[in-house]
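**Q** What follows is the file run-v3.txt, containing compact mmCIF, C-alpha atoms and all ligand atoms:
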# COMPACT_ATOMS: atom_id res chain seq x y z
CA MET A 1 90.77 71.70 87.95
CA LYS A 2 93.16 69.08 89.19
CA ILE A 3 96.59 69.21 87.58
CA VAL A 4 98.69 66.07 87.35
CA ALA A 5 102.15 67.10 86.16
CA VAL A 6 104.06 64.19 84.67
CA ALA A 7 107.57 63.87 83.30
CA ASP A 8 106.90 63.14 79.66
CA TYR A 9 104.57 61.86 76.97
CA GLU A 10 104.95 58.23 78.05
CA GLU A 11 104.00 58.93 81.64
CA MET A 12 101.08 61.10 80.52
CA SER A 13 99.81 58.23 78.40
CA LYS A 14 100.21 55.64 81.16
CA VAL A 15 98.55 57.77 83.84
CA ALA A 16 95.55 58.63 81.67
CA ALA A 17 95.14 55.07 80.37
CA ALA A 18 95.30 53.62 83.89
CA TYR A 19 92.52 55.94 84.98
CA ILE A 20 90.35 55.12 81.96
CA VAL A 21 90.83 51.39 82.55
CA SER A 22 89.92 51.67 86.23
CA THR A 23 86.69 53.54 85.48
CA ILE A 24 85.72 51.12 82.72
CA ARG A 25 86.39 48.12 84.94
CA SER A 26 84.34 49.52 87.82
CA SER A 27 81.25 50.20 85.73
CA SER A 28 78.63 47.97 84.11
CA SER A 29 77.67 50.54 81.47
CA PHE A 30 80.06 53.25 80.37
CA SER A 31 80.14 56.07 77.86
CA LEU A 32 83.65 57.17 76.85
CA GLY A 33 84.30 60.36 74.88
CA LEU A 34 87.31 60.07 72.58
CA ALA A 35 89.74 62.47 70.94
CA THR A 36 92.06 62.14 67.95
CA GLY A 37 95.33 63.81 66.92
CA GLY A 38 98.85 63.04 68.03
CA THR A 39 98.34 63.45 71.77
CA PRO A 40 96.03 60.51 72.63
CA LEU A 41 97.90 57.93 70.50
CA GLY A 42 100.00 56.79 73.46
CA VAL A 43 96.88 56.42 75.62
CA TYR A 44 95.30 54.19 72.97
CA GLN A 45 98.48 52.09 72.78
CA GLN A 46 98.34 51.65 76.55
CA LEU A 47 94.65 50.69 76.43
CA ILE A 48 95.45 48.06 73.80
CA LYS A 49 98.36 46.74 75.84
CA ASN A 50 96.10 46.55 78.88
CA TYR A 51 93.43 44.75 76.85
CA GLN A 52 95.98 42.19 75.67
CA THR A 53 97.50 41.55 79.10
CA GLN A 54 94.59 42.15 81.50
CA GLN A 55 91.62 41.43 79.21
CA THR A 56 89.77 44.61 80.20
CA SER A 57 86.44 44.27 78.39
CA TYR A 58 84.83 47.01 76.31
CA ALA A 59 81.65 45.04 75.67
CA HIS A 60 79.70 47.40 77.94
CA VAL A 61 81.28 50.61 76.60
CA GLN A 62 79.86 53.12 74.13
CA THR A 63 82.30 55.60 72.59
CA PHE A 64 81.56 59.05 71.21
CA ASN A 65 84.22 60.89 69.22
CA LEU A 66 84.55 64.62 69.47
CA ASP A 67 84.80 65.42 65.79
CA GLU A 68 85.21 64.42 62.15
CA TYR A 69 86.30 66.13 58.93
CA VAL A 70 83.64 67.13 56.45
CA GLY A 71 84.00 65.19 53.20
CA LEU A 72 85.99 62.22 54.56
CA SER A 73 84.44 58.77 54.98
CA PRO A 74 85.59 55.98 57.32
CA GLN A 75 87.35 54.51 54.28
CA ASP A 76 89.58 57.60 53.98
CA ASP A 77 92.80 56.97 55.90
CA GLU A 78 92.86 60.60 57.11
CA SER A 79 89.34 60.50 58.57
CA TYR A 80 89.01 60.39 62.31
CA HIS A 81 86.80 57.33 61.95
CA ALA A 82 89.67 55.49 60.23
CA TYR A 83 92.07 56.80 62.88
CA MET A 84 89.91 55.31 65.64
CA ASN A 85 89.48 51.98 63.85
CA HIS A 86 93.18 51.75 63.24
CA HIS A 87 94.51 53.00 66.58
CA LEU A 88 91.95 51.51 68.97
CA PHE A 89 88.67 49.94 67.92
CA GLN A 90 90.00 47.05 65.86
CA ALA A 91 92.37 46.03 68.65
CA ILE A 92 89.81 45.77 71.49
CA ASN A 93 86.50 43.95 71.93
CA ILE A 94 84.19 46.90 71.34
CA PRO A 95 81.23 46.12 69.06
CA PRO A 96 81.38 48.54 66.06
CA GLU A 97 77.75 49.57 66.63
CA GLN A 98 78.79 50.93 70.03
CA THR A 99 81.34 53.31 68.51
CA HIS A 100 79.98 56.67 67.39
CA VAL A 101 81.73 59.23 65.18
CA PRO A 102 80.00 62.16 63.46
CA ASN A 103 79.33 61.43 59.78
CA GLY A 104 81.42 63.86 57.73
CA MET A 105 79.80 62.54 54.54
CA ALA A 106 76.22 63.42 55.52
CA VAL A 107 74.29 65.14 52.72
CA ASN A 108 72.76 67.52 55.24
CA LEU A 109 75.47 68.42 57.73
CA GLU A 110 73.20 70.47 59.98
CA GLU A 111 70.86 67.50 60.34
CA GLU A 112 73.82 65.26 61.09
CA CYS A 113 74.87 67.58 63.92
CA VAL A 114 71.38 67.39 65.46
CA ARG A 115 71.31 63.60 65.00
CA TYR A 116 74.72 63.18 66.68
CA GLU A 117 73.85 65.47 69.57
CA ASN A 118 70.52 63.69 70.13
CA HIS A 119 72.15 60.29 69.87
CA LEU A 120 74.58 61.28 72.59
CA GLN A 121 71.85 62.69 74.84
CA GLU A 122 69.59 59.64 74.36
CA ARG A 123 72.40 57.41 75.57
CA GLY A 124 72.79 59.48 78.71
CA GLY A 125 75.73 61.66 77.68
CA VAL A 126 79.43 61.03 78.14
CA ASP A 127 80.71 59.66 81.45
CA LEU A 128 84.40 60.37 80.83
CA GLN A 129 85.65 62.63 78.03
CA LEU A 130 89.25 62.51 76.84
CA LEU A 131 90.42 65.82 75.39
CA GLY A 132 93.50 67.26 73.72
CA ILE A 133 94.12 70.97 73.35
CA GLY A 134 95.01 72.85 70.18
CA GLN A 135 97.89 75.29 70.04
CA ASN A 136 95.22 77.98 69.66
CA GLY A 137 93.34 76.70 72.73
CA HIS A 138 90.67 74.78 70.86
CA ILE A 139 88.97 71.70 72.33
CA GLY A 140 87.46 69.29 69.85
CA PHE A 141 87.33 71.50 66.78
CA ASN A 142 85.80 74.39 68.71
CA GLU A 143 87.96 77.17 67.38
CA PRO A 144 88.56 80.53 69.15
CA GLY A 145 85.34 82.55 69.23
CA THR A 146 83.02 79.53 69.54
CA SER A 147 80.14 80.12 71.94
CA PHE A 148 80.41 78.33 75.28
CA ALA A 149 76.73 77.43 74.73
CA SER A 150 77.43 75.59 71.45
CA ARG A 151 76.18 72.09 70.70
CA THR A 152 77.41 69.80 67.92
CA HIS A 153 77.97 72.01 64.89
CA VAL A 154 79.81 72.54 61.61
CA VAL A 155 83.03 74.56 61.84
CA LYS A 156 85.37 76.25 59.41
CA LEU A 157 88.87 75.33 60.53
CA THR A 158 91.26 78.20 61.27
CA PRO A 159 94.58 78.61 59.42
CA SER A 160 96.41 77.66 62.64
CA THR A 161 94.52 74.36 62.94
CA LEU A 162 94.93 73.61 59.23
CA ALA A 163 98.66 74.22 59.55
CA ALA A 164 98.94 72.08 62.71
CA ASN A 165 97.13 69.16 61.04
CA ALA A 166 98.65 69.44 57.55
CA ARG A 167 101.23 66.81 58.49
CA TYR A 168 98.53 64.12 58.50
CA PHE A 169 97.64 64.69 54.83
CA PRO A 170 99.80 63.39 51.96
CA PRO A 171 100.44 65.93 49.17
CA SER A 172 98.00 64.04 46.92
CA LYS A 173 95.12 64.51 49.37
CA LYS A 174 93.20 67.75 49.75
CA GLN A 175 92.95 68.77 53.41
CA PRO A 176 89.36 69.38 54.49
CA THR A 177 88.58 72.95 55.50
CA HIS A 178 85.50 72.12 57.59
CA ALA A 179 84.61 69.69 60.33
CA LEU A 180 81.77 68.57 62.58
CA THR A 181 82.46 68.88 66.28
CA MET A 182 80.72 68.40 69.58
CA GLY A 183 80.07 71.87 70.96
CA ILE A 184 81.53 73.33 74.10
CA ALA A 185 78.27 72.90 76.02
CA THR A 186 78.19 69.27 74.82
CA ILE A 187 81.70 68.71 76.15
CA LEU A 188 80.90 70.43 79.45
CA GLN A 189 77.98 68.07 79.96
CA SER A 190 80.40 65.14 80.33
CA LYS A 191 80.40 63.92 83.91
CA GLU A 192 84.19 63.93 84.02
CA ILE A 193 86.95 65.21 81.72
CA ILE A 194 90.63 64.38 81.28
CA LEU A 195 92.62 66.89 79.25
CA LEU A 196 96.00 65.76 77.91
CA ALA A 197 98.85 68.02 76.85
CA SER A 198 102.42 67.25 75.90
CA GLY A 199 105.30 69.27 74.53
CA GLU A 200 106.43 72.84 74.17
CA LYS A 201 103.95 73.64 71.43
CA LYS A 202 101.17 73.49 74.03
CA GLN A 203 102.82 75.86 76.52
CA GLN A 204 100.95 78.98 75.50
CA ALA A 205 97.58 77.25 75.37
CA MET A 206 98.13 75.64 78.77
CA ASN A 207 99.18 78.94 80.26
CA GLN A 208 96.02 80.57 78.96
CA LEU A 209 93.91 77.68 80.19
CA LEU A 210 95.35 77.82 83.69
CA ASN A 211 96.24 81.46 84.19
CA GLY A 212 94.50 83.56 81.55
CA HIS A 213 91.01 85.07 81.51
CA MET A 214 88.05 82.80 80.89
CA SER A 215 87.04 83.81 77.39
CA GLU A 216 85.48 82.42 74.24
CA SER A 217 88.66 83.47 72.46
CA VAL A 218 90.36 80.55 74.26
CA PRO A 219 87.79 77.74 74.09
CA ALA A 220 89.57 75.50 76.62
CA THR A 221 89.01 78.09 79.37
CA ALA A 222 85.35 76.95 79.39
CA LEU A 223 86.61 73.89 81.26
CA ARG A 224 86.94 76.06 84.36
CA MET A 225 83.15 75.96 84.63
CA HIS A 226 83.28 72.18 84.99
CA GLY A 227 83.69 70.66 88.44
CA ALA A 228 85.53 67.47 87.46
CA VAL A 229 88.40 68.19 85.08
CA THR A 230 91.79 66.55 85.48
CA ILE A 231 94.68 67.85 83.42
CA VAL A 232 97.40 65.29 82.76
CA ALA A 233 100.27 67.15 81.17
CA ASP A 234 104.03 66.90 80.91
CA ARG A 235 106.55 69.41 82.15
CA LYS A 236 107.20 70.90 78.75
CA ALA A 237 103.52 71.65 78.22
CA LEU A 238 103.19 73.08 81.72
CA GLN A 239 106.45 74.99 81.90
CA LEU A 240 104.96 78.47 81.51
CA ALA A 241 101.80 77.79 83.47
CA LEU A 242 103.28 76.00 86.48
CA ALA A 243 105.78 78.71 87.27
CA GLN A 244 102.80 80.64 88.61
CA ARG A 245 100.87 77.90 90.40
CA GLU A 246 101.16 75.64 93.42
CA ASP A 247 98.02 73.48 93.17
CA TYR A 248 99.40 70.61 91.18
CA ASP A 249 100.20 67.02 91.93
CA ASP A 250 103.91 66.79 91.15
CA ARG A 251 104.66 63.14 90.42
P1 LIG A 301 97.31 67.13 68.66
O1 LIG A 301 95.95 67.91 68.51
O2 LIG A 301 97.07 66.08 69.68
O3 LIG A 301 97.58 66.52 67.30
O4 LIG A 301 98.34 68.12 69.08
C1 LIG A 301 95.29 68.34 69.65
C2 LIG A 301 94.06 69.12 69.28
O5 LIG A 301 94.07 69.77 68.22
O6 LIG A 301 93.08 69.08 70.03
For this file, write the structure as structure tokens.
Ligand code: PGA

**A**
Amino acid sequence: MKIVAVADYEEMSKVAAAYIVSTIRSSSSFSLGLATGGTPLGVYQQLIKNYQTQQTSYAHVQTFNLDEYVGLSPQDDESYHAYMNHHLFQAINIPPEQTHVPNGMAVNLEEECVRYENHLQERGGVDLQLLGIGQNGHIGFNEPGTSFASRTHVVKLTPSTLAANARYFPPSKKQPTHALTMGIATILQSKEIILLASGEKKQQAMNQLLNGHMSESVPATALRMHGAVTIVADRKALQLALAQREDYDDR
């Protein structure tokens, strides 16, 4: 794994966005895997800024989101579909039919997982996957204990993830307890992966990712099996992990 250590959240966002833009611009057909949560917001702001100033086109891009809450529709402000519309899709020239998010409202959730996985495979898989990391080491919503061989599936969210994401739900709104997520094997099939991490809260997870044992109890450690992962993380997130390593690009 290549480690790009940056100063702060803003630099993390700029570095990752610049790379995404360069790959999109150098390709005639591109499949971009997207993440939600607090971490990628700055990247999306940079992509929008770039679109407005440099007119980078997304007409040839398909996007595939990692996950969605069960029971929330794109009309629910807290859904990841709404998040993507609000924070990226509506501000760039991507045709809505080229944006793919699992359907958390599907009557048969198992069938929806198979449909989403097949849809992704039929379109040739993800070229570049953007990932965050949970405080418990999850990637997508693959919680600790998820099989490294997993494909898109339904998950029960752990108390730690529910607590970390409670801030996104107003008191009047019930927080979903389940989600649909690409599996770990699905994520590992991406040709290239960028993992973002910022802030002290990610220190433990980053230390486990970089220095701990590869284990299903820390889902992100599966990324070590992938040959093209770049970690773009700030000093606070890397503080514990970097003390023990030399192989990073110190900007
Ligand atoms: P966050 O979530 O960006 O909101 O910290 C990351 C994750 O849970 O993958």

**Q** Compile the contact shell of Gln75 in chain A as a list in words: residues with an atom at most 12 Å away, counting all atoms listed in the file, same-chain residues fewer than 4 positions apart removed.

**A**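 Selected residues are Gly71, Ser79, Tyr80, His81, Ala82, Tyr83, Met84, Asn85, His86, Asn103, Gly104 and Met105 of chain A.
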
**Q** At a cut-off of 12 Å, using only C-alpha atoms, what residues contact Gln121 in chain A? Leave out same-chain residues fewer than 4 positions from it and give the result as a PDB file with C-alpha atoms, in the coordinates of the input.

**A**
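Output below, filename out_35.pdb:
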ATOM      1  CA  SER A  31      80.140  56.070  77.860  1.00  0.00           C
ATOM      2  CA  PHE A  64      81.560  59.050  71.210  1.00  0.00           C
ATOM      3  CA  VAL A 114      71.380  67.390  65.460  1.00  0.00           C
ATOM      4  CA  ARG A 115      71.310  63.600  65.000  1.00  0.00           C
ATOM      5  CA  TYR A 116      74.720  63.180  66.680  1.00  0.00           C
ATOM      6  CA  GLU A 117      73.850  65.470  69.570  1.00  0.00           C
ATOM      7  CA  GLY A 125      75.730  61.660  77.680  1.00  0.00           C
ATOM      8  CA  VAL A 126      79.430  61.030  78.140  1.00  0.00           C
ATOM      9  CA  ASP A 127      80.710  59.660  81.450  1.00  0.00           C
ATOM     10  CA  ARG A 151      76.180  72.090  70.700  1.00  0.00           C
ATOM     11  CA  THR A 152      77.410  69.800  67.920  1.00  0.00           C
ATOM     12  CA  MET A 182      80.720  68.400  69.580  1.00  0.00           C
ATOM     13  CA  THR A 186      78.190  69.270  74.820  1.00  0.00           C
ATOM     14  CA  ILE A 187      81.700  68.710  76.150  1.00  0.00           C
ATOM     15  CA  GLN A 189      77.980  68.070  79.960  1.00  0.00           C
ATOM     16  CA  SER A 190      80.400  65.140  80.330  1.00  0.00           C
TER      17      SER A 190
END

**Q** Between A:Gly140, A:Gly42, A:Gly124, A:Gly212, which one has atoms that come closest to ligand LIG 301 (chain A), using only C-alpha atoms and all ligand atoms?

**A** A:Gly140

**Q** Can you pull out every residue with an atom within 6 Å of ligand LIG 301 (chain A)? Use all atoms listed in the file and format it as a PyMOL selection string.

**A** chain A and resi 37-39+132-134+139-140

**Q** What lies within 8 Å of Val43 in chain A using only C-alpha atoms, ignoring chain neighbours under 3 positions off, as a ChimeraX atom specification?

**A** /A:12-14,16-17,40,46-47

**Q** Please work out which residues fall within 12 Å of (92.4, 41.2, 81.2), coordinates as given in the file, with only C-alpha atoms counting, and return them as a ChimeraX atom specification.

**A** /A:21-22,25,47-58,92-93

**Q** Please indicate the distance in Å from CA of Ala220 in chain A to CA of Ala5 in chain A, rounded to one decimal place.

**A**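 Spanning CA of Ala220 in chain A to CA of Ala5 in chain A is a straight-line distance of 17.9 Å.
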
**Q** Would you save range 215-226 of chain A from the block above with all heavy atoms, as a short mmCIF file (atom, residue, chain, number, x, y, z; two decimals), in the first residue's frame?

**A**
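Saved to part_39.cif:
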data_model
loop_
_atom_site.label_atom_id
_atom_site.label_comp_id
_atom_site.auth_asym_id
_atom_site.auth_seq_id
_atom_site.Cartn_x
_atom_site.Cartn_y
_atom_site.Cartn_z
N SER A 215 -6.88 -9.51 9.49
CA SER A 215 -7.90 -10.30 10.17
C SER A 215 -9.29 -9.78 9.82
O SER A 215 -9.49 -8.57 9.66
CB SER A 215 -7.67 -10.18 11.69
OG SER A 215 -8.86 -10.42 12.39
N GLU A 216 -10.25 -10.71 9.76
CA GLU A 216 -11.62 -10.29 9.48
C GLU A 216 -12.19 -9.45 10.61
O GLU A 216 -13.22 -8.80 10.45
CB GLU A 216 -12.49 -11.52 9.17
CG GLU A 216 -12.14 -12.11 7.81
CD GLU A 216 -12.94 -13.33 7.41
OE1 GLU A 216 -13.69 -13.85 8.24
OE2 GLU A 216 -12.80 -13.76 6.24
N SER A 217 -11.53 -9.43 11.75
CA SER A 217 -12.02 -8.58 12.84
C SER A 217 -11.69 -7.10 12.58
O SER A 217 -12.22 -6.22 13.25
CB SER A 217 -11.49 -9.03 14.19
OG SER A 217 -10.09 -8.92 14.20
N VAL A 218 -10.81 -6.84 11.61
CA VAL A 218 -10.55 -5.46 11.16
C VAL A 218 -10.70 -5.46 9.63
O VAL A 218 -9.74 -5.71 8.90
CB VAL A 218 -9.14 -4.97 11.56
CG1 VAL A 218 -8.97 -3.50 11.19
CG2 VAL A 218 -8.90 -5.16 13.06
N PRO A 219 -11.92 -5.22 9.14
CA PRO A 219 -12.19 -5.41 7.71
C PRO A 219 -11.21 -4.70 6.78
O PRO A 219 -10.84 -5.24 5.73
CB PRO A 219 -13.61 -4.85 7.55
CG PRO A 219 -14.25 -5.09 8.90
CD PRO A 219 -13.15 -4.87 9.90
N ALA A 220 -10.76 -3.50 7.17
CA ALA A 220 -9.87 -2.75 6.28
C ALA A 220 -8.56 -3.48 6.01
O ALA A 220 -7.91 -3.23 4.99
CB ALA A 220 -9.57 -1.37 6.87
N THR A 221 -8.15 -4.39 6.89
CA THR A 221 -6.87 -5.10 6.66
C THR A 221 -6.92 -5.96 5.40
O THR A 221 -5.88 -6.34 4.87
CB THR A 221 -6.45 -5.96 7.87
OG1 THR A 221 -7.47 -6.94 8.15
CG2 THR A 221 -6.20 -5.12 9.11
N ALA A 222 -8.13 -6.24 4.89
CA ALA A 222 -8.25 -6.99 3.62
C ALA A 222 -7.58 -6.22 2.48
O ALA A 222 -7.15 -6.83 1.49
CB ALA A 222 -9.73 -7.23 3.29
N LEU A 223 -7.47 -4.91 2.63
CA LEU A 223 -6.89 -4.10 1.56
C LEU A 223 -5.44 -4.46 1.30
O LEU A 223 -4.90 -4.17 0.24
CB LEU A 223 -7.01 -2.61 1.89
CG LEU A 223 -8.45 -2.09 2.01
CD1 LEU A 223 -8.46 -0.65 2.51
CD2 LEU A 223 -9.18 -2.19 0.67
N ARG A 224 -4.81 -5.12 2.27
CA ARG A 224 -3.41 -5.54 2.07
C ARG A 224 -3.28 -6.59 0.97
O ARG A 224 -2.19 -6.83 0.46
CB ARG A 224 -2.85 -6.10 3.35
CG ARG A 224 -2.75 -5.07 4.42
CD ARG A 224 -1.69 -5.52 5.40
NE ARG A 224 -1.98 -4.93 6.68
CZ ARG A 224 -1.95 -5.58 7.83
NH1 ARG A 224 -1.64 -6.86 7.86
NH2 ARG A 224 -2.21 -4.97 8.95
N MET A 225 -4.40 -7.23 0.64
CA MET A 225 -4.35 -8.25 -0.43
C MET A 225 -4.41 -7.60 -1.80
O MET A 225 -4.28 -8.26 -2.82
CB MET A 225 -5.53 -9.23 -0.28
CG MET A 225 -5.44 -10.08 0.96
SD MET A 225 -6.72 -11.35 0.96
CE MET A 225 -8.12 -10.47 1.55
N HIS A 226 -4.69 -6.30 -1.84
CA HIS A 226 -4.90 -5.60 -3.10
C HIS A 226 -3.59 -4.94 -3.52
O HIS A 226 -2.89 -4.36 -2.70
CB HIS A 226 -6.00 -4.56 -2.90
CG HIS A 226 -6.56 -4.00 -4.17
ND1 HIS A 226 -5.88 -3.09 -4.93
CD2 HIS A 226 -7.73 -4.24 -4.81
CE1 HIS A 226 -6.62 -2.78 -5.99
NE2 HIS A 226 -7.75 -3.46 -5.93
#
